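Colleague: So here's structure.cif (mmCIF, C-alpha atoms).
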```
data_work
#
loop_
_atom_site.label_atom_id
_atom_site.label_comp_id
_atom_site.auth_asym_id
_atom_site.auth_seq_id
_atom_site.Cartn_x
_atom_site.Cartn_y
_atom_site.Cartn_z
CA MET W 554 123.48 113.14 137.30
CA LYS W 555 125.20 110.82 134.85
CA ASN W 556 122.73 107.99 135.59
CA ARG W 557 119.78 110.36 135.18
CA ARG W 558 121.07 111.54 131.77
CA HIS W 559 121.62 107.91 130.70
CA ALA W 560 118.08 107.00 131.86
CA LEU W 561 116.61 109.93 129.90
CA GLN W 562 118.58 109.00 126.78
CA THR W 563 117.45 105.38 127.09
CA LEU W 564 113.83 106.46 127.56
CA ALA W 565 114.00 108.81 124.55
CA SER W 566 115.67 106.15 122.43
CA THR W 567 113.05 103.55 123.39
CA ALA W 568 110.21 105.94 122.59
CA LEU W 569 111.76 106.79 119.22
CA MET W 570 112.24 103.11 118.32
CA ALA W 571 108.64 102.34 119.29
CA ALA W 572 107.37 105.20 117.13
CA VAL W 573 109.48 104.08 114.18
CA GLY W 574 108.30 100.50 114.65
CA ARG W 575 104.65 101.58 114.61
CA ALA W 576 105.18 103.73 111.52
CA VAL W 577 106.89 100.91 109.62
CA ALA W 578 104.79 98.00 110.85
CA SER W 579 101.39 99.65 110.79
CA PRO W 580 101.20 102.90 108.91
CA GLY W 581 97.59 103.43 110.01
CA HIS W 582 96.02 102.47 106.70
CA ASP W 583 94.98 98.95 107.59
CA LYS W 584 92.24 99.69 110.10
CA PRO W 585 88.97 97.78 109.57
CA HIS W 586 86.48 99.80 107.59
CA GLY W 587 83.04 100.69 108.90
CA PRO W 588 80.11 101.29 106.56
CA VAL W 589 81.28 102.43 103.12
CA LYS W 590 80.91 106.16 102.54
CA LYS W 591 79.01 106.75 99.29
CA GLU W 592 80.38 110.22 98.52
CA GLN W 593 80.63 111.41 94.93
CA THR W 594 84.17 112.31 93.89
CA GLU W 595 85.58 113.67 90.64
CA TRP W 596 86.64 110.10 89.75
CA GLY W 597 83.47 108.23 90.79
CA ILE W 598 81.75 106.77 93.82
CA ALA W 599 82.10 103.74 96.08
CA GLY W 600 80.67 100.71 94.32
CA ASP W 601 78.36 97.95 95.43
CA ALA W 602 80.03 94.52 95.35
CA LYS W 603 76.84 93.06 93.81
CA ALA W 604 77.24 95.39 90.81
CA VAL W 605 80.80 94.26 89.98
CA LYS W 606 81.04 93.09 86.36
CA ARG W 607 84.82 92.83 86.17
CA THR W 608 87.77 92.27 88.47
CA VAL W 609 91.09 93.92 87.66
CA GLN W 610 94.11 92.23 89.23
CA ILE W 611 96.89 94.64 90.23
CA THR W 612 100.26 93.46 91.49
CA MET W 613 102.15 95.75 93.88
CA LEU W 614 105.92 95.45 93.53
CA ASP W 615 108.81 96.51 95.78
CA THR W 616 110.38 98.04 92.65
CA MET W 617 107.79 100.80 93.30
CA ARG W 618 105.58 99.81 90.39
CA PHE W 619 102.06 98.53 89.79
CA SER W 620 101.33 95.90 87.18
CA PRO W 621 99.34 96.79 85.19
CA ASP W 622 99.82 100.54 85.51
CA ASN W 623 97.31 101.53 82.82
CA ILE W 624 93.63 100.51 83.08
CA ALA W 625 90.73 101.20 80.70
CA VAL W 626 87.20 101.42 82.13
CA LYS W 627 83.80 102.13 80.58
CA LEU W 628 81.65 104.92 81.99
CA GLY W 629 79.26 103.47 84.57
CA GLU W 630 81.33 100.32 85.13
CA THR W 631 81.77 98.99 88.66
CA ILE W 632 85.21 97.43 89.05
CA ARG W 633 86.70 95.29 91.79
CA PHE W 634 90.39 96.10 92.02
CA ARG W 635 92.11 93.13 93.63
CA MET W 636 95.57 94.16 94.76
CA LYS W 637 98.23 91.56 95.53
CA ASN W 638 101.34 92.79 97.27
CA THR W 639 104.15 90.42 96.26
CA GLY W 640 106.83 92.33 98.15
CA ALA W 641 108.31 92.66 101.61
CA LEU W 642 107.11 96.27 102.01
CA GLY W 643 103.62 97.56 102.69
CA HIS W 644 101.96 99.35 99.77
CA GLU W 645 98.68 101.05 99.11
CA LEU W 646 96.48 101.96 96.20
CA VAL W 647 94.68 105.29 96.22
CA ILE W 648 92.48 106.38 93.30
CA GLY W 649 92.08 110.09 92.49
CA THR W 650 93.09 112.98 90.32
CA LYS W 651 96.74 113.95 90.02
CA ALA W 652 96.05 117.11 92.05
CA LYS W 653 94.33 115.19 94.87
CA LEU W 654 97.07 112.55 94.95
CA ASP W 655 99.77 115.26 95.10
CA GLU W 656 97.90 116.93 97.97
CA HIS W 657 97.48 113.66 99.85
CA ALA W 658 101.12 112.65 99.25
CA ALA W 659 102.25 115.94 100.83
CA LEU W 660 100.10 115.19 103.91
CA MET W 661 101.48 111.66 104.10
CA ALA W 662 105.02 113.03 104.07
CA LYS W 663 104.17 115.06 107.19
CA PHE W 664 101.88 112.55 108.91
CA SER W 665 102.92 109.06 107.77
CA THR W 666 100.76 107.33 110.40
CA MET W 667 97.52 109.06 109.47
CA GLU W 668 94.53 106.73 109.28
CA HIS W 669 92.45 106.23 106.15
CA ASP W 670 88.97 104.89 105.72
CA GLU W 671 88.00 106.15 102.29
CA PRO W 672 86.55 103.54 99.92
CA TYR W 673 88.96 104.56 97.13
CA MET W 674 92.00 103.60 99.24
CA ALA W 675 93.42 100.26 100.32
CA HIS W 676 96.54 99.55 102.33
CA VAL W 677 98.01 96.11 101.59
CA GLY W 678 100.64 94.61 103.84
CA PRO W 679 103.56 92.48 102.64
CA LYS W 680 102.50 89.24 100.91
CA ALA W 681 98.83 90.22 101.43
CA ALA W 682 95.87 91.17 99.24
CA GLY W 683 93.17 93.82 99.31
CA ASP W 684 90.15 94.99 97.34
CA ILE W 685 88.55 98.25 96.28
CA VAL W 686 85.10 98.25 94.66
CA TRP W 687 84.58 101.45 92.71
CA THR W 688 81.97 102.77 90.25
CA PHE W 689 83.33 105.06 87.55
CA ASN W 690 80.36 107.34 86.89
CA ARG W 691 82.48 110.18 85.49
CA ALA W 692 84.41 110.02 82.21
CA GLY W 693 88.00 111.21 82.15
CA ASN W 694 91.60 110.41 82.93
CA PHE W 695 92.35 109.57 86.54
CA ASP W 696 95.30 108.27 88.50
CA PHE W 697 96.13 105.76 91.19
CA ALA W 698 99.21 105.69 93.38
CA CYS W 699 100.90 104.35 96.47
CA LEU W 700 101.16 107.37 98.77
CA ILE W 701 103.37 105.80 101.40
CA PRO W 702 106.22 108.31 101.77
CA GLY W 703 108.90 107.65 99.15
CA HIS W 704 106.80 105.26 97.06
CA TYR W 705 104.88 107.94 95.13
CA GLN W 706 108.06 109.93 94.64
CA ALA W 707 109.76 106.80 93.25
CA GLY W 708 107.07 106.45 90.58
CA MET W 709 104.55 104.03 92.08
CA VAL W 710 101.69 105.41 90.01
CA GLY W 711 99.20 104.33 87.36
CA LYS W 712 96.52 105.68 85.02
CA ILE W 713 92.80 104.93 84.69
CA THR W 714 91.01 106.04 81.52
CA VAL W 715 87.22 106.11 81.80
CA ALA W 716 85.69 106.22 78.32
CA ALA W 717 82.13 107.33 77.62
CA LYS W 718 80.00 104.46 76.32
#
```
Show how you would write the structure in this file as structure tokens.

Modeller:
Amino acid sequence: MKNRRHALQTLASTALMAAVGRAVASPGHDKPHGPVKKEQTEWGIAGDAKAVKRTVQITMLDTMRFSPDNIAVKLGETIRFRMKNTGALGHELVIGTKAKLDEHAALMAKFSTMEHDEPYMAHVGPKAAGDIVWTFNRAGNFDFACLIPGHYQAGMVGKITVAAK
């Protein structure tokens, strides 16, 4: 009986450690993307790399900040966001409205290993880089954030202002 209990505890402990390892090492955001979905959102639509007129470099920091954290865009502009993660932690950049980011952050808190394949999201591992190509065809004030549990809550957010021409 004692050996059986020990075996069950060991099995449960091993399964828990494997699950934690998967969640930390690969939060499910870094899957290869298939064809880009061209769905209109409140904050724009997936862009065509050939239409990029400007690249915005964004550094992801383990201090739970983006640099820069405030970006100005012209209506109709297609931007390549090139994210460089300088830290030891994985980060992501998700573009959206505050309401959509809040909603997604709540889901991430419950399901931290959920997979993403939206063109307005990029998961960037430690010491790695990633790109998002996005066309801002709607004027307004939008947000971007790292929605990995704890990062958003710690203030890893930024603003995008899309001005009419």

Colleague: For a test of reading the model, state the distance in Å between CA of Gln610 (chain W) and CA of Arg635 (chain W), rounded to one decimal.

Modeller: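 Between CA of Gln610 (chain W) and CA of Arg635 (chain W) the gap works out to 4.9 Å.
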
Colleague: With distances taken over only C-alpha atoms, which of W:Phe689, W:Phe664, W:Tyr673, W:Phe619 is nearest to Met709 (chain W)?

Modeller: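 Under the stated criterion, the closest residue is W:Phe619.
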
Colleague: What does the structure give for the distance between CA of Glu592 (chain W) and CA of Ala698 (chain W), in Å to one decimal?

Modeller: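 Computed distance, CA of Glu592 (chain W) to CA of Ala698 (chain W), equals 20.0 Å.
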
Colleague: Name every residue that the PyMOL selection byres ((chain W and resi 639-655) around 6) selects in this structure, writing the answer as a list in words with chains first and numbers rising.

Modeller: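 Output from the PyMOL selection byres ((chain W and resi 639-655) around 6), applied to this file: Leu614, Asp615, Asn638, Glu656, His657, Ala658, Tyr673, Met674, Ala675, His676, Val677, Gly678, Pro679, Lys680, Phe695, Asp696, Phe697, Ala698 and Cys699 of chain W.
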
Colleague: Hey, can you spit out that residue selection with C-alpha atoms as a short mmCIF file (atom, residue, chain, number, x, y, z; two decimals), in the frame of the given file?

Modeller:
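Output file again27.cif is given in full below:
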```
data_model
loop_
_atom_site.label_atom_id
_atom_site.label_comp_id
_atom_site.auth_asym_id
_atom_site.auth_seq_id
_atom_site.Cartn_x
_atom_site.Cartn_y
_atom_site.Cartn_z
CA LEU W 614 105.92 95.45 93.53
CA ASP W 615 108.81 96.51 95.78
CA ASN W 638 101.34 92.79 97.27
CA GLU W 656 97.90 116.93 97.97
CA HIS W 657 97.48 113.66 99.85
CA ALA W 658 101.12 112.65 99.25
CA TYR W 673 88.96 104.56 97.13
CA MET W 674 92.00 103.60 99.24
CA ALA W 675 93.42 100.26 100.32
CA HIS W 676 96.54 99.55 102.33
CA VAL W 677 98.01 96.11 101.59
CA GLY W 678 100.64 94.61 103.84
CA PRO W 679 103.56 92.48 102.64
CA LYS W 680 102.50 89.24 100.91
CA PHE W 695 92.35 109.57 86.54
CA ASP W 696 95.30 108.27 88.50
CA PHE W 697 96.13 105.76 91.19
CA ALA W 698 99.21 105.69 93.38
CA CYS W 699 100.90 104.35 96.47
#
```

Colleague: Give me the residues within 9 Å of Ile598 (chain W) as a PyMOL selection string, counting all atoms listed in the file and dropping any in the same chain fewer than 4 places off.

Modeller: chain W and resi 590-594+672-673+687-690

Colleague: Since I can't run it myself right now, could you work out what the PyMOL selection byres ((chain W and resi 708) around 10) selects here and report it as a ChimeraX atom specification?

Modeller: /W:616-619,698-699,703-707,709-711

Colleague: Which distance in Å separates CA of Ala681 (chain W) and CA of Leu660 (chain W), to one decimal?

Modeller: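 That distance, rounded to one decimal, is 25.1 Å.
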
Colleague: Go through W:Ala599, W:Leu628, W:Ile611, W:Val605 one by one, measure the shortest atom-to-atom distance of each to Asp670 (chain W) using only C-alpha atoms, and give the residue with the smallest value.

Modeller: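 Smallest separation from Asp670 (chain W) among the options: W:Ala599.
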
Colleague: Would you list the contacts of Thr714 (chain W) as a list of chain:residue names, taking every protein, DNA or RNA residue within 8 Å and counting all atoms listed in the file, but skipping same-chain residues closer than 5 positions in sequence?

Modeller: W:Asn623, W:Ile624, W:Ala625, W:Val626, W:Ala692, W:Gly693, W:Asn694, W:Phe695

Colleague: Quick one: 8 Å padding each side, axis-aligned, all listed atoms of region 593-600 of chain W - centre and edge lengths in Å to one decimal, as JSON?

Modeller:
```
{"center_x": 83.6, "center_y": 107.2, "center_z": 92.9, "size_x": 22.0, "size_y": 29.0, "size_z": 22.3}
```

Colleague: Considering only C-alpha atoms, can you say which of W:Met636, W:Trp596, W:Ser620, W:Gly629 comes closest to Asp684 (chain W)?

Modeller: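 Counting only C-alpha atoms, the residue closest to Asp684 (chain W) is W:Met636.
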
Colleague: At a cut-off of 6 Å from (89.8, 97.7, 88.2) in the coordinates of the file, what residues are picked up using all atoms listed in the file, written as a PyMOL selection string?

Modeller: chain W and resi 608-609+632-634

Colleague: Applied to this file, what does the PyMOL selection byres ((chain W and resi 665) around 8) return in terms of residues, put as a list in words?

Modeller: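 Applying the expression gives Ala576, Pro580, Leu660, Met661, Ala662, Lys663, Phe664, Thr666, Met667, Ile701 and Pro702 of chain W.
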